[in-house]
>>> print(open('data-v8.csv').read())   # CSV, C-alpha atoms
chain,number,residue,atom,x,y,z
A,38,MET,CA,4.5,9.6,12.5
A,39,ASN,CA,2.8,9.0,15.8
A,40,ILE,CA,1.5,5.4,15.6
A,41,ARG,CA,-0.6,6.0,18.7
A,42,ASP,CA,-2.4,8.8,17.0
A,43,ILE,CA,-3.0,6.8,13.8
A,44,LEU,CA,-4.5,4.0,15.9
A,45,THR,CA,-6.7,6.4,17.7
A,46,TYR,CA,-7.9,8.2,14.6
A,47,GLY,CA,-8.8,4.9,12.9
A,48,GLN,CA,-10.8,3.7,15.9
A,49,ASN,CA,-12.5,7.0,16.4
A,50,HIS,CA,-13.5,7.2,12.8
A,51,ILE,CA,-15.1,3.7,12.7
A,52,LEU,CA,-16.9,4.4,16.1
A,53,GLY,CA,-18.2,7.8,14.8
A,54,THR,CA,-19.5,6.1,11.6
A,55,ILE,CA,-21.5,3.4,13.5
A,56,GLU,CA,-22.8,5.5,16.4
A,57,ASN,CA,-26.2,6.2,14.8
A,58,LEU,CA,-26.9,2.7,13.5
A,59,ASN,CA,-30.2,1.2,14.6
A,60,ALA,CA,-30.7,-2.5,15.4
A,61,THR,CA,-31.9,-3.2,11.8
A,62,ASP,CA,-29.0,-1.4,10.3
A,63,TRP,CA,-26.6,-3.6,12.3
A,64,GLU,CA,-28.1,-6.8,10.9
A,65,THR,CA,-29.0,-5.9,7.3
A,66,PRO,CA,-26.7,-7.5,4.7
A,67,GLY,CA,-25.3,-5.4,1.9
A,68,VAL,CA,-22.8,-3.1,3.6
A,69,CYS,CA,-19.8,-5.0,2.2
A,70,GLY,CA,-20.9,-7.7,-0.2
A,71,GLU,CA,-23.2,-9.9,1.9
A,72,TRP,CA,-21.8,-8.6,5.2
A,73,SER,CA,-23.9,-6.4,7.5
A,74,ALA,CA,-22.5,-3.6,9.6
A,75,LYS,CA,-22.2,-6.1,12.4
A,76,ASP,CA,-20.2,-8.4,10.2
A,77,VAL,CA,-17.9,-5.5,9.1
A,78,VAL,CA,-17.3,-4.7,12.8
A,79,ALA,CA,-16.7,-8.4,13.5
A,80,HIS,CA,-14.1,-8.4,10.7
A,81,LEU,CA,-12.5,-5.3,12.1
A,82,ALA,CA,-12.5,-6.9,15.6
A,83,SER,CA,-10.7,-10.0,14.2
A,84,PHE,CA,-8.1,-7.7,12.6
A,85,GLU,CA,-7.6,-5.8,15.9
A,86,ASN,CA,-6.9,-9.1,17.6
A,87,VAL,CA,-4.3,-9.8,14.8
A,88,LEU,CA,-2.6,-6.5,15.6
A,89,LEU,CA,-2.6,-7.3,19.3
A,90,ASP,CA,-0.9,-10.6,18.5
A,91,VAL,CA,1.6,-8.8,16.3
A,92,LEU,CA,2.5,-6.5,19.1
A,93,LYS,CA,2.7,-9.4,21.5
A,94,SER,CA,5.1,-11.2,19.2
A,95,LEU,CA,7.3,-8.1,19.1
A,96,SER,CA,7.3,-8.2,23.0
A,97,GLY,CA,8.5,-11.8,22.9
A,98,ASP,CA,5.1,-13.5,23.5
A,99,ASP,CA,4.7,-16.6,21.3
A,100,ASP,CA,1.0,-17.1,22.1
A,101,THR,CA,-0.4,-15.5,18.9
A,102,PRO,CA,-3.3,-17.6,17.6
A,103,HIS,CA,-5.0,-14.7,15.7
A,104,LEU,CA,-1.8,-13.8,13.9
A,105,GLN,CA,-1.1,-17.4,13.0
A,106,ALA,CA,-4.6,-17.9,11.6
A,107,PHE,CA,-4.3,-14.6,9.7
A,108,ILE,CA,-1.0,-15.8,8.1
A,109,THR,CA,-2.1,-19.3,7.3
A,110,ASP,CA,-5.9,-19.4,6.8
A,111,SER,CA,-6.9,-18.3,3.3
A,112,ASP,CA,-10.5,-18.1,4.5
A,113,TYR,CA,-9.5,-16.0,7.6
A,114,ASN,CA,-11.9,-13.2,7.0
A,115,ASP,CA,-15.0,-15.3,6.4
A,116,ASN,CA,-14.2,-17.7,9.2
A,117,GLU,CA,-13.8,-14.9,11.7
A,118,VAL,CA,-17.0,-13.2,10.7
A,119,LEU,CA,-18.9,-16.6,10.9
A,120,GLN,CA,-17.5,-17.2,14.4
A,121,ARG,CA,-19.3,-14.0,15.5
A,122,ARG,CA,-22.4,-14.3,13.4
A,123,ASN,CA,-24.6,-15.4,16.3
A,124,LYS,CA,-23.3,-12.8,18.7
A,125,SER,CA,-25.1,-9.5,19.2
A,126,TRP,CA,-23.7,-6.3,17.7
A,127,ILE,CA,-23.1,-5.1,21.2
A,128,VAL,CA,-20.9,-8.1,22.0
A,129,VAL,CA,-19.0,-7.7,18.7
A,130,LEU,CA,-18.5,-4.0,19.2
A,131,ALA,CA,-17.3,-4.7,22.8
A,132,GLU,CA,-14.7,-7.2,21.4
A,133,LEU,CA,-13.4,-4.5,19.0
A,134,ALA,CA,-13.2,-2.0,21.8
A,135,LEU,CA,-11.4,-4.4,24.2
A,136,ALA,CA,-8.9,-5.5,21.6
A,137,HIS,CA,-8.2,-1.8,20.7
A,138,ASP,CA,-7.7,-0.9,24.3
A,139,GLU,CA,-5.2,-3.8,24.7
A,140,VAL,CA,-3.4,-2.6,21.5
A,141,MET,CA,-3.2,0.9,22.9
A,142,ASN,CA,-1.8,-0.4,26.2
A,143,LEU,CA,0.8,-2.5,24.4
A,144,ILE,CA,1.9,-0.1,21.7
A,145,ASP,CA,3.8,2.2,24.1
A,146,LYS,CA,5.8,-0.8,25.3
A,147,ILE,CA,7.3,-1.5,21.8
A,148,PRO,CA,10.5,0.6,21.2
A,149,GLU,CA,10.1,3.0,18.3
A,150,GLN,CA,13.1,1.5,16.5
A,151,VAL,CA,11.4,-1.9,16.5
A,152,LEU,CA,8.2,-0.3,15.0
A,153,ARG,CA,10.3,1.3,12.3
A,154,GLN,CA,12.5,-1.6,11.6
A,155,LYS,CA,12.0,-2.8,8.0
A,156,GLY,CA,11.4,-6.5,7.7
A,157,VAL,CA,10.6,-7.1,11.4
A,158,LEU,CA,7.3,-8.6,10.2
A,159,ALA,CA,9.0,-11.0,7.6
A,160,TRP,CA,5.6,-12.4,6.5
A,161,TYR,CA,4.4,-8.8,5.6
A,162,GLY,CA,7.4,-8.0,3.5
A,163,GLU,CA,11.1,-7.1,3.9
A,164,ASP,CA,10.6,-3.5,2.7
A,165,HIS,CA,7.9,-2.7,5.3
A,166,ASP,CA,7.8,-1.9,9.0
A,167,VAL,CA,5.2,-2.2,11.7
A,168,GLU,CA,4.1,1.4,11.1
A,169,ASP,CA,3.4,0.6,7.4
A,170,PHE,CA,1.4,-2.4,8.6
A,171,VAL,CA,-0.7,-0.3,11.0
A,172,ILE,CA,-1.3,2.4,8.4
A,173,TYR,CA,-2.4,0.1,5.6
A,174,THR,CA,-4.0,-2.8,7.5
A,175,TYR,CA,-5.6,-0.9,10.3
A,176,TYR,CA,-6.1,2.8,9.6
A,177,GLY,CA,-6.7,2.5,5.9
A,178,HIS,CA,-8.8,-0.7,6.5
A,179,LYS,CA,-11.0,1.0,9.1
A,180,ARG,CA,-11.5,4.0,6.8
A,181,GLU,CA,-12.4,1.8,3.9
A,182,HIS,CA,-15.0,-0.1,5.9
A,183,ALA,CA,-16.3,3.1,7.5
A,184,ALA,CA,-16.9,4.5,4.0
A,185,GLN,CA,-18.9,1.3,3.0
A,186,ILE,CA,-21.1,1.8,6.1
A,187,GLU,CA,-21.5,5.5,5.2
A,188,VAL,CA,-22.6,4.6,1.7
A,189,TYR,CA,-25.0,2.0,3.0
A,190,GLN,CA,-26.5,4.6,5.4
A,191,THR,CA,-26.8,7.1,2.6
A,192,LEU,CA,-28.4,4.7,0.2
A,193,LYS,CA,-30.9,3.4,2.7
A,194,THR,CA,-32.2,6.9,3.3
A,195,ARG,CA,-32.7,7.4,-0.4
A,196,ILE,CA,-34.5,4.2,-1.2
A,197,PRO,CA,-38.1,4.3,-0.1
A,198,GLU,CA,-39.5,1.2,1.6
A,199,VAL,CA,-41.9,-0.9,-0.4
A,200,GLY,CA,-44.9,-2.4,1.3
>>> encode(input="data-v8.csv", output="C-alpha coordinates")
Amino acid sequence: MNIRDILTYGQNHILGTIENLNATDWETPGVCGEWSAKDVVAHLASFENVLLDVLKSLSGDDDTPHLQAFITDSDYNDNEVLQRRNKSWIVVLAELALAHDEVMNLIDKIPEQVLRQKGVLAWYGEDHDVEDFVIYTYYGHKREHAAQIEVYQTLKTRIPEVG
(Lines of atoms letter the chains of each structure in order from A and count residues from 1; the text may use other names and numbers.)
(Lines give C-alpha, C1' and ligand atoms only; values in the text may rest on other atoms or scores of the structure.)
Protein backbone atom coordinates (compact mmCIF):
# COMPACT_ATOMS: atom_id res chain seq x y z
CA MET A 1 0.00 0.00 0.00
CA ASN A 2 1.14 3.54 -0.66
CA ILE A 3 0.07 5.59 2.35
CA ARG A 4 0.78 8.85 0.53
CA ASP A 5 -1.67 7.87 -2.22
CA ILE A 6 -4.33 6.89 0.33
CA LEU A 7 -4.01 10.26 2.05
CA THR A 8 -4.18 12.06 -1.30
CA TYR A 9 -7.23 10.09 -2.48
CA GLY A 10 -9.12 10.81 0.73
CA GLN A 11 -8.37 14.53 0.64
CA ASN A 12 -9.17 14.84 -3.05
CA HIS A 13 -12.46 13.02 -2.58
CA ILE A 14 -13.71 15.32 0.17
CA LEU A 15 -12.54 18.41 -1.75
CA GLY A 16 -14.31 17.20 -4.88
CA THR A 17 -17.49 16.61 -2.92
CA ILE A 18 -17.61 20.10 -1.42
CA GLU A 19 -16.43 22.10 -4.41
CA ASN A 20 -19.94 23.09 -5.54
CA LEU A 21 -21.43 23.96 -2.16
CA ASN A 22 -22.90 27.43 -1.95
CA ALA A 23 -22.84 29.62 1.17
CA THR A 24 -26.21 28.34 2.36
CA ASP A 25 -25.19 24.71 1.86
CA TRP A 26 -22.13 25.23 4.05
CA GLU A 27 -24.20 26.48 6.99
CA THR A 28 -27.41 24.42 6.79
CA PRO A 29 -27.68 21.74 9.51
CA GLY A 30 -28.67 18.20 8.66
CA VAL A 31 -25.67 16.85 6.75
CA CYS A 32 -24.61 14.61 9.64
CA GLY A 33 -27.14 14.80 12.46
CA GLU A 34 -27.27 18.47 13.41
CA TRP A 35 -23.95 19.23 11.73
CA SER A 36 -23.75 21.37 8.60
CA ALA A 37 -21.22 20.77 5.82
CA LYS A 38 -18.97 23.34 7.54
CA ASP A 39 -19.24 21.38 10.79
CA VAL A 40 -18.34 18.15 8.97
CA VAL A 41 -15.27 19.83 7.46
CA ALA A 42 -14.40 21.26 10.90
CA HIS A 43 -14.61 17.72 12.27
CA LEU A 44 -12.36 16.44 9.49
CA ALA A 45 -9.90 19.29 10.12
CA SER A 46 -9.70 18.31 13.77
CA PHE A 47 -8.97 14.71 12.74
CA GLU A 48 -6.31 15.87 10.29
CA ASN A 49 -4.64 17.68 13.19
CA VAL A 50 -4.77 14.43 15.19
CA LEU A 51 -3.03 12.61 12.35
CA LEU A 52 -0.42 15.34 12.22
CA ASP A 53 0.19 14.84 15.94
CA VAL A 54 0.40 11.06 15.45
CA LEU A 55 3.10 11.55 12.84
CA LYS A 56 4.89 14.09 15.04
CA SER A 57 4.87 11.59 17.92
CA LEU A 58 6.43 8.97 15.64
CA SER A 59 9.14 11.53 14.83
CA GLY A 60 9.89 12.02 18.52
CA ASP A 61 7.92 15.25 19.04
CA ASP A 62 5.99 15.18 22.33
CA ASP A 63 3.99 18.36 21.59
CA THR A 64 0.80 16.58 20.51
CA PRO A 65 -2.20 18.39 22.06
CA HIS A 66 -4.67 17.24 19.40
CA LEU A 67 -3.71 13.61 19.84
CA GLN A 68 -3.93 13.86 23.61
CA ALA A 69 -7.40 15.41 23.42
CA PHE A 70 -8.49 12.77 20.90
CA ILE A 71 -7.40 9.98 23.26
CA THR A 72 -8.72 11.46 26.51
CA ASP A 73 -11.75 13.64 25.68
CA SER A 74 -14.95 11.63 25.25
CA ASP A 75 -16.58 14.75 23.74
CA TYR A 76 -13.68 15.41 21.36
CA ASN A 77 -15.78 15.52 18.20
CA ASP A 78 -18.41 17.93 19.47
CA ASN A 79 -15.88 20.12 21.28
CA GLU A 80 -13.73 20.49 18.17
CA VAL A 81 -16.71 21.38 15.98
CA LEU A 82 -17.93 23.91 18.56
CA GLN A 83 -14.49 25.57 18.62
CA ARG A 84 -14.86 26.24 14.90
CA ARG A 85 -18.57 27.12 14.88
CA ASN A 86 -18.04 30.88 14.62
CA LYS A 87 -15.39 30.63 11.92
CA SER A 88 -16.26 31.00 8.27
CA TRP A 89 -16.32 27.91 6.07
CA ILE A 90 -13.34 29.38 4.21
CA VAL A 91 -11.26 29.45 7.41
CA VAL A 92 -12.35 25.93 8.36
CA LEU A 93 -11.53 24.60 4.91
CA ALA A 94 -8.15 26.37 5.01
CA GLU A 95 -7.40 24.67 8.34
CA LEU A 96 -8.13 21.27 6.80
CA ALA A 97 -5.92 22.08 3.80
CA LEU A 98 -3.04 23.35 5.94
CA ALA A 99 -3.12 20.34 8.27
CA HIS A 100 -3.28 18.00 5.27
CA ASP A 101 -0.28 19.72 3.67
CA GLU A 102 1.67 19.33 6.91
CA VAL A 103 0.69 15.65 7.10
CA MET A 104 1.91 15.14 3.53
CA ASN A 105 5.20 16.87 4.32
CA LEU A 106 5.76 14.69 7.38
CA ILE A 107 4.56 11.30 6.09
CA ASP A 108 7.64 10.81 3.89
CA LYS A 109 9.90 11.32 6.91
CA ILE A 110 8.45 8.35 8.80
CA PRO A 111 10.23 5.09 7.90
CA GLU A 112 7.97 2.53 6.22
CA GLN A 113 8.81 -0.09 8.85
CA VAL A 114 7.46 2.27 11.55
CA LEU A 115 4.25 2.86 9.58
CA ARG A 116 3.77 -0.91 9.30
CA GLN A 117 4.79 -1.83 12.83
CA LYS A 118 1.87 -3.40 14.70
CA GLY A 119 1.19 -1.84 18.07
CA VAL A 120 3.22 1.33 17.45
CA LEU A 121 0.03 3.24 18.35
CA ALA A 122 -0.66 1.35 21.57
CA TRP A 123 -3.84 3.34 22.26
CA TYR A 124 -5.22 2.26 18.85
CA GLY A 125 -4.62 -1.44 19.38
CA GLU A 126 -1.78 -3.92 19.44
CA ASP A 127 -2.95 -5.65 16.24
CA HIS A 128 -2.95 -2.46 14.14
CA ASP A 129 -0.34 -0.27 12.52
CA VAL A 130 -0.29 3.36 11.35
CA GLU A 131 -1.42 2.34 7.87
CA ASP A 132 -4.54 0.72 9.39
CA PHE A 133 -5.18 3.89 11.35
CA VAL A 134 -4.87 6.02 8.21
CA ILE A 135 -7.15 3.78 6.14
CA TYR A 136 -9.93 3.53 8.69
CA THR A 137 -9.69 6.84 10.54
CA TYR A 138 -8.80 9.08 7.61
CA TYR A 139 -9.55 7.62 4.22
CA GLY A 140 -12.68 5.76 5.28
CA HIS A 141 -13.74 8.64 7.50
CA LYS A 142 -13.46 11.20 4.71
CA ARG A 143 -15.34 8.90 2.32
CA GLU A 144 -18.10 8.41 4.89
CA HIS A 145 -18.58 12.13 5.48
CA ALA A 146 -18.30 12.90 1.76
CA ALA A 147 -21.16 10.44 1.19
CA GLN A 148 -23.26 12.28 3.79
CA ILE A 149 -22.62 15.59 2.03
CA GLU A 150 -23.50 14.00 -1.31
CA VAL A 151 -26.79 12.67 0.12
CA TYR A 152 -27.55 16.10 1.54
CA GLN A 153 -26.89 17.72 -1.85
CA THR A 154 -29.08 15.14 -3.63
CA LEU A 155 -31.96 15.54 -1.18
CA LYS A 156 -31.91 19.34 -1.24
CA THR A 157 -32.31 19.30 -5.02
CA ARG A 158 -35.32 16.98 -4.74
CA ILE A 159 -37.19 18.82 -2.02
CA PRO A 160 -38.98 21.92 -3.30
CA GLU A 161 -38.68 25.06 -1.23
CA VAL A 162 -41.86 26.08 0.55
CA GLY A 163 -42.78 29.69 0.77
>>> residues_around(input="data-v8.csv", residues="Met141 of chain A", least_positions_apart="5", cutoff="9 Å", atoms="all atoms listed in the file", output="MDAnalysis selection string")
chainID A and resid 41 44:45 89 136
>>> closest_residue(input="data-v8.csv", among="A:Cys69, A:Ala82, A:Val87, A:Val118", to="Phe170 of chain A", atoms="all atoms listed in the file")
A:Val87
>>> closest_residue(input="data-v8.csv", among="A:Asp99, A:Glu117, A:Asp164, A:Glu85", to="Ala134 of chain A", atoms="only C-alpha atoms")
A:Glu85
>>> atom_distance(input="data-v8.csv", atom1="atom CA of Leu81 of chain A", atom2="atom CA of His182 of chain A")
8.5 Å
>>> residues_around(input="data-v8.csv", residues="segment 119-129 of chain A", least_positions_apart="3", cutoff="6 Å", atoms="all atoms listed in the file", output="MDAnalysis selection string")
chainID A and resid 75 79 116 132
>>> closest_residue(input="data-v8.csv", among="A:Leu52, A:Leu104, A:Ala74, A:Leu95", to="Gln150 of chain A", atoms="all atoms listed in the file")
A:Leu95
>>> atom_distance(input="data-v8.csv", atom1="atom CA of His50 of chain A", atom2="atom CA of Leu133 of chain A")
13.2 Å
>>> atom_distance(input="data-v8.csv", atom1="atom CA of Gly162 of chain A", atom2="atom CA of Asp42 of chain A")
23.7 Å
>>> residues_around(input="data-v8.csv", residues="Arg153 of chain A", least_positions_apart="4", cutoff="7 Å", atoms="all atoms listed in the file", output="number ranges by chain")
A: 149, 166-168
>>> residues_around(input="data-v8.csv", residues="Gln190 of chain A", least_positions_apart="4", cutoff="12 Å", atoms="only C-alpha atoms", output="list in words")
Thr54, Ile55, Glu56, Asn57, Leu58, Asn59, Thr61, Asp62, Trp63, Thr65, Gly67, Val68, Ser73, Ala74, Ala183, Ala184, Gln185, Ile186, Thr194, Arg195 and Ile196 of chain A
>>> closest_residue(input="data-v8.csv", among="A:Trp160, A:Gly177, A:Leu92, A:Ile147", to="Thr109 of chain A", atoms="all atoms listed in the file")
A:Trp160
>>> closest_residue(input="data-v8.csv", among="A:Ser83, A:Glu64, A:Asp98, A:Ser111", to="Tyr175 of chain A", atoms="only C-alpha atoms")
A:Ser83
>>> closest_residue(input="data-v8.csv", among="A:Asp169, A:Gly97, A:Phe107, A:Asn49", to="Gln154 of chain A", atoms="all atoms listed in the file")
A:Asp169
>>> residues_around(input="data-v8.csv", residues="Pro102 of chain A", least_positions_apart="3", cutoff="8 Å", atoms="all atoms listed in the file", output="ChimeraX atom specification")
/A:90,105-106
>>> write_last_selection(input="data-v8.csv", atoms="C-alpha atoms", output="CSV table (one decimal), keeping the file's coordinate frame")
chain,number,residue,atom,x,y,z
A,90,ASP,CA,-0.9,-10.6,18.5
A,105,GLN,CA,-1.1,-17.4,13.0
A,106,ALA,CA,-4.6,-17.9,11.6
